[in-house]
Amino acid sequence: MEYVTLNNGIQMPILGYGVYQVKNEECERCVLDAIDAGYRLIDTAQSYGNEEAVGNAIKKCGVAREDLFITTKVWISNGGYEKAKASLQESLKKLQSEYIDLVLIHQPFNDYYGTYRAMEEAYKEGWIRAIGVSNFYVDRLIDLYSFVEVKPAVNQIETHVFHQQKTAHEYMEKYNIQHESWGPFAEGRKDFFTNPVLVKIGEKYSKSAAQVALRYLIQNHVVVIPKSTHKERMIENINVFDFKLNDEDMKLISALDEKESLFFSHYDPKTVEMMVNLKR
């Protein structure tokens, strides 16, 4: 496994396992499979409804807690200092741990400054090791960064070969914020796994399109958290450290960038209305 060093000196695996849309009843098994396959970064969230399952897996996996890196996220409905503070304690209890490695604000809505103050407080108390944000576009990221005491360590945003977030990446590097990808496979949209560019490059290295896509992001210093409920795919997804894409490969994949989300825009009023009305 390769690691990145966050702006507070904490080491974070560059590849982890995400549990978005993994049902609570199967999540424990999936996380145990992932840990057995070699994953040490597990990414969950309050809104996923499976923090308890992740906590159960942490307890049962047989790997020392200090060798794992656990991320969760504060949902919109828990925004603001008081609600966020209470929700963080609840997440800690569900995860059955004495600390959480990384906590992110899930979406840039509600009183996210109040949420961030609660996270800063927990960080200073030592039971959250790093704090950051998710889905913050560059304008809001710079705004938040400029007015908080503990600078965000991570910004987790939609990033894949069709939406590579090059401008956002430049600003994250400028402000020393780690770029993390959600949806590194674009959830299979646009025939992702049969894309001819990715497939052809993969043939040179005896790798799949998925492995090539992950390797591309990793070589661009982006943390990735691919998800699968199948152990054989988990093993495939983590097996990306035994080859390196050359400059020509990188240029070909770079050209796939369409510079638009395949999911939603926070600048779309209807998207914002939908998100702020979600109960979880």
# chains A, B, ... in the order shown; residues from 1 in each chain; ligands from 1
call {"tool": "select_by_dssp", "arguments": {"residues": "range 80-230 of chain A", "states": "strand (DSSP E or B)", "output": "list in words"}}
result
Ile100, Leu102, Val103, Leu104, Ile105, Ile128, Ile131, Gly132, Val133, Ser134, Val154, Asn155, Gln156, Ile157, Glu158, His160, His163, Gln178, His179, Glu180, Ser181, Trp182, Val223 and Val224 of chain A
call {"tool": "residues_around", "arguments": {"residues": "range 207-215 of chain A", "least_positions_apart": "5", "cutoff": "7 Å", "atoms": "only C-alpha atoms", "output": "list in words"}}
result
Val161, Pro184, Phe185, Phe193, Thr194, Leu198, Val199, Gly202, Asn237 and Val240 of chain A
call {"tool": "write_last_selection", "arguments": {"atoms": "N, CA and C atoms", "output": "short mmCIF file (atom, residue, chain, number, x, y, z; two decimals), in the first residue's frame"}}
result
data_model
loop_
_atom_site.label_atom_id
_atom_site.label_comp_id
_atom_site.auth_asym_id
_atom_site.auth_seq_id
_atom_site.Cartn_x
_atom_site.Cartn_y
_atom_site.Cartn_z
N VAL A 161 -12.14 9.46 -14.70
CA VAL A 161 -11.48 9.82 -15.95
C VAL A 161 -12.32 10.75 -16.82
N PRO A 184 -14.73 6.78 -8.35
CA PRO A 184 -13.63 6.67 -9.30
C PRO A 184 -13.98 5.85 -10.55
N PHE A 185 -15.06 5.07 -10.49
CA PHE A 185 -15.52 4.33 -11.66
C PHE A 185 -16.76 4.98 -12.28
N PHE A 193 -16.39 0.55 -17.97
CA PHE A 193 -15.52 -0.63 -17.87
C PHE A 193 -15.15 -1.23 -19.23
N THR A 194 -15.77 -0.70 -20.29
CA THR A 194 -15.40 -1.16 -21.64
C THR A 194 -14.87 -0.01 -22.48
N LEU A 198 -9.17 2.88 -22.09
CA LEU A 198 -8.76 2.20 -20.86
C LEU A 198 -8.47 0.72 -21.11
N VAL A 199 -9.31 0.10 -21.94
CA VAL A 199 -9.12 -1.32 -22.24
C VAL A 199 -7.81 -1.55 -22.98
N GLY A 202 -4.89 -1.10 -20.73
CA GLY A 202 -4.84 -2.22 -19.80
C GLY A 202 -4.25 -3.47 -20.40
N ASN A 237 -9.25 -4.51 -7.49
CA ASN A 237 -9.14 -3.06 -7.35
C ASN A 237 -7.91 -2.63 -6.54
N VAL A 240 -3.10 -2.65 -7.86
CA VAL A 240 -2.74 -1.61 -8.83
C VAL A 240 -1.38 -0.98 -8.52
#
call {"tool": "residues_around", "arguments": {"residues": "Asp257 in chain A", "least_positions_apart": "6", "cutoff": "6 Å", "atoms": "only C-alpha atoms", "output": "VMD selection string"}}
result
chain A and resid 161 to 164
call {"tool": "closest_residue", "arguments": {"among": "A:Val19, A:Ala57, A:Ile238, A:Ile131", "to": "Val74 in chain A", "atoms": "only C-alpha atoms"}}
result
A:Ile131
call {"tool": "select_by_dssp", "arguments": {"residues": "range 17-146 of chain A", "states": "helix (DSSP H, G or I)", "output": "count of residues only"}}
result
70
call {"tool": "residues_around", "arguments": {"residues": "range 29-46 of chain A", "least_positions_apart": "5", "cutoff": "7 Å", "atoms": "only C-alpha atoms", "output": "ChimeraX atom specification"}}
result
/A:13,15-20,51,54,57,61,67-75,229,231,234-235
call {"tool": "atom_distance", "arguments": {"atom1": "CA of His106 in chain A", "atom2": "CA of Ile218 in chain A"}}
result
22.4 Å
call {"tool": "closest_residue", "arguments": {"among": "A:Tyr267, A:Ile201, A:Arg140, A:Glu236", "to": "Leu252 in chain A", "atoms": "only C-alpha atoms"}}
result
A:Ile201
call {"tool": "residues_around", "arguments": {"residues": "Ser97 in chain A", "least_positions_apart": "2", "cutoff": "9 Å", "atoms": "only C-alpha atoms", "output": "PDB file with N, CA and C atoms, in the first residue's frame"}}
result
ATOM      1  N   GLY A  55     -18.319  -0.542  12.256  1.00  0.00           N
ATOM      2  CA  GLY A  55     -17.807  -0.723  13.614  1.00  0.00           C
ATOM      3  C   GLY A  55     -17.698  -2.188  13.997  1.00  0.00           C
ATOM      4  N   ILE A  58     -14.675  -3.620  12.276  1.00  0.00           N
ATOM      5  CA  ILE A  58     -13.440  -3.157  12.916  1.00  0.00           C
ATOM      6  C   ILE A  58     -13.118  -4.025  14.132  1.00  0.00           C
ATOM      7  N   LYS A  59     -14.166  -4.333  14.894  1.00  0.00           N
ATOM      8  CA  LYS A  59     -13.977  -5.136  16.104  1.00  0.00           C
ATOM      9  C   LYS A  59     -13.588  -6.575  15.789  1.00  0.00           C
ATOM     10  N   ARG A  65      -6.345  -1.661  15.554  1.00  0.00           N
ATOM     11  CA  ARG A  65      -7.058  -0.430  15.211  1.00  0.00           C
ATOM     12  C   ARG A  65      -6.122   0.631  14.638  1.00  0.00           C
ATOM     13  N   LEU A  92     -18.999   8.026  16.673  1.00  0.00           N
ATOM     14  CA  LEU A  92     -17.917   7.380  17.428  1.00  0.00           C
ATOM     15  C   LEU A  92     -18.426   6.113  18.107  1.00  0.00           C
ATOM     16  N   LYS A  93     -19.620   6.208  18.695  1.00  0.00           N
ATOM     17  CA  LYS A  93     -20.220   5.053  19.368  1.00  0.00           C
ATOM     18  C   LYS A  93     -20.545   3.947  18.366  1.00  0.00           C
ATOM     19  N   LYS A  94     -21.128   4.304  17.231  1.00  0.00           N
ATOM     20  CA  LYS A  94     -21.478   3.305  16.222  1.00  0.00           C
ATOM     21  C   LYS A  94     -20.245   2.616  15.660  1.00  0.00           C
ATOM     22  N   LEU A  95     -19.170   3.371  15.506  1.00  0.00           N
ATOM     23  CA  LEU A  95     -17.937   2.811  14.959  1.00  0.00           C
ATOM     24  C   LEU A  95     -17.154   2.004  15.998  1.00  0.00           C
ATOM     25  N   TYR A  99     -11.496   6.617  18.632  1.00  0.00           N
ATOM     26  CA  TYR A  99     -11.198   7.782  17.797  1.00  0.00           C
ATOM     27  C   TYR A  99     -11.612   7.494  16.358  1.00  0.00           C
ATOM     28  N   ILE A 100     -11.715   8.557  15.575  1.00  0.00           N
ATOM     29  CA  ILE A 100     -11.994   8.459  14.143  1.00  0.00           C
ATOM     30  C   ILE A 100     -10.817   9.116  13.422  1.00  0.00           C
TER      31      ILE A 100
END
call {"tool": "atom_distance", "arguments": {"atom1": "CA of Trp182 in chain A", "atom2": "CA of Met274 in chain A"}}
result
19.6 Å
call {"tool": "closest_residue", "arguments": {"among": "A:Lys151, A:His266, A:His230, A:Lys200", "to": "Asn176 in chain A", "atoms": "only C-alpha atoms"}}
result
A:Lys151
call {"tool": "atom_distance", "arguments": {"atom1": "CA of Leu141 in chain A", "atom2": "CA of Phe109 in chain A"}}
result
12.4 Å
call {"tool": "residues_around", "arguments": {"residues": "Glu125 in chain A", "least_positions_apart": "4", "cutoff": "12 Å", "atoms": "only C-alpha atoms", "output": "list of chain:residue names"}}
result
A:Glu98, A:Tyr99, A:Ile100, A:Ala118, A:Met119, A:Glu120, A:Glu121, A:Arg129, A:Ala130
call {"tool": "decode", "arguments": {"residues": "range 174-187 of chain A", "atoms": "N, CA and C atoms", "output": "mmCIF file, in the first residue's frame"}}
result
data_model
loop_
_atom_site.group_PDB
_atom_site.id
_atom_site.type_symbol
_atom_site.label_atom_id
_atom_site.label_comp_id
_atom_site.auth_asym_id
_atom_site.auth_seq_id
_atom_site.Cartn_x
_atom_site.Cartn_y
_atom_site.Cartn_z
ATOM 1 N N LYS A 174 -2.362 23.865 -4.153
ATOM 2 C CA LYS A 174 -1.937 25.195 -3.708
ATOM 3 C C LYS A 174 -2.164 25.382 -2.210
ATOM 4 N N TYR A 175 -3.307 24.887 -1.713
ATOM 5 C CA TYR A 175 -3.658 25.070 -0.309
ATOM 6 C C TYR A 175 -3.288 23.865 0.560
ATOM 7 N N ASN A 176 -2.573 22.922 -0.016
ATOM 8 C CA ASN A 176 -2.109 21.728 0.706
ATOM 9 C C ASN A 176 -3.273 20.939 1.302
ATOM 10 N N ILE A 177 -4.281 20.718 0.480
ATOM 11 C CA ILE A 177 -5.455 19.916 0.843
ATOM 12 C C ILE A 177 -5.438 18.668 -0.036
ATOM 13 N N GLN A 178 -5.553 17.507 0.561
ATOM 14 C CA GLN A 178 -5.492 16.261 -0.198
ATOM 15 C C GLN A 178 -6.755 16.052 -1.028
ATOM 16 N N HIS A 179 -6.575 15.798 -2.301
ATOM 17 C CA HIS A 179 -7.673 15.487 -3.218
ATOM 18 C C HIS A 179 -8.040 14.010 -3.067
ATOM 19 N N GLU A 180 -9.312 13.755 -2.763
ATOM 20 C CA GLU A 180 -9.816 12.385 -2.672
ATOM 21 C C GLU A 180 -10.988 12.221 -3.621
ATOM 22 N N SER A 181 -11.028 11.093 -4.309
ATOM 23 C CA SER A 181 -12.067 10.819 -5.288
ATOM 24 C C SER A 181 -13.194 9.984 -4.701
ATOM 25 N N TRP A 182 -14.441 10.438 -4.902
ATOM 26 C CA TRP A 182 -15.550 9.492 -4.781
ATOM 27 C C TRP A 182 -16.017 9.176 -6.210
ATOM 28 N N GLY A 183 -16.526 7.971 -6.375
ATOM 29 C CA GLY A 183 -16.981 7.551 -7.701
ATOM 30 C C GLY A 183 -15.868 7.403 -8.708
ATOM 31 N N PRO A 184 -14.735 6.776 -8.347
ATOM 32 C CA PRO A 184 -13.632 6.669 -9.303
ATOM 33 C C PRO A 184 -13.975 5.853 -10.548
ATOM 34 N N PHE A 185 -15.056 5.069 -10.486
ATOM 35 C CA PHE A 185 -15.525 4.327 -11.655
ATOM 36 C C PHE A 185 -16.758 4.977 -12.282
ATOM 37 N N ALA A 186 -17.109 6.172 -11.820
ATOM 38 C CA ALA A 186 -18.297 6.872 -12.330
ATOM 39 C C ALA A 186 -19.551 6.005 -12.244
ATOM 40 N N GLU A 187 -19.531 5.057 -11.270
ATOM 41 C CA GLU A 187 -20.635 4.111 -11.086
ATOM 42 C C GLU A 187 -20.981 3.383 -12.392
#
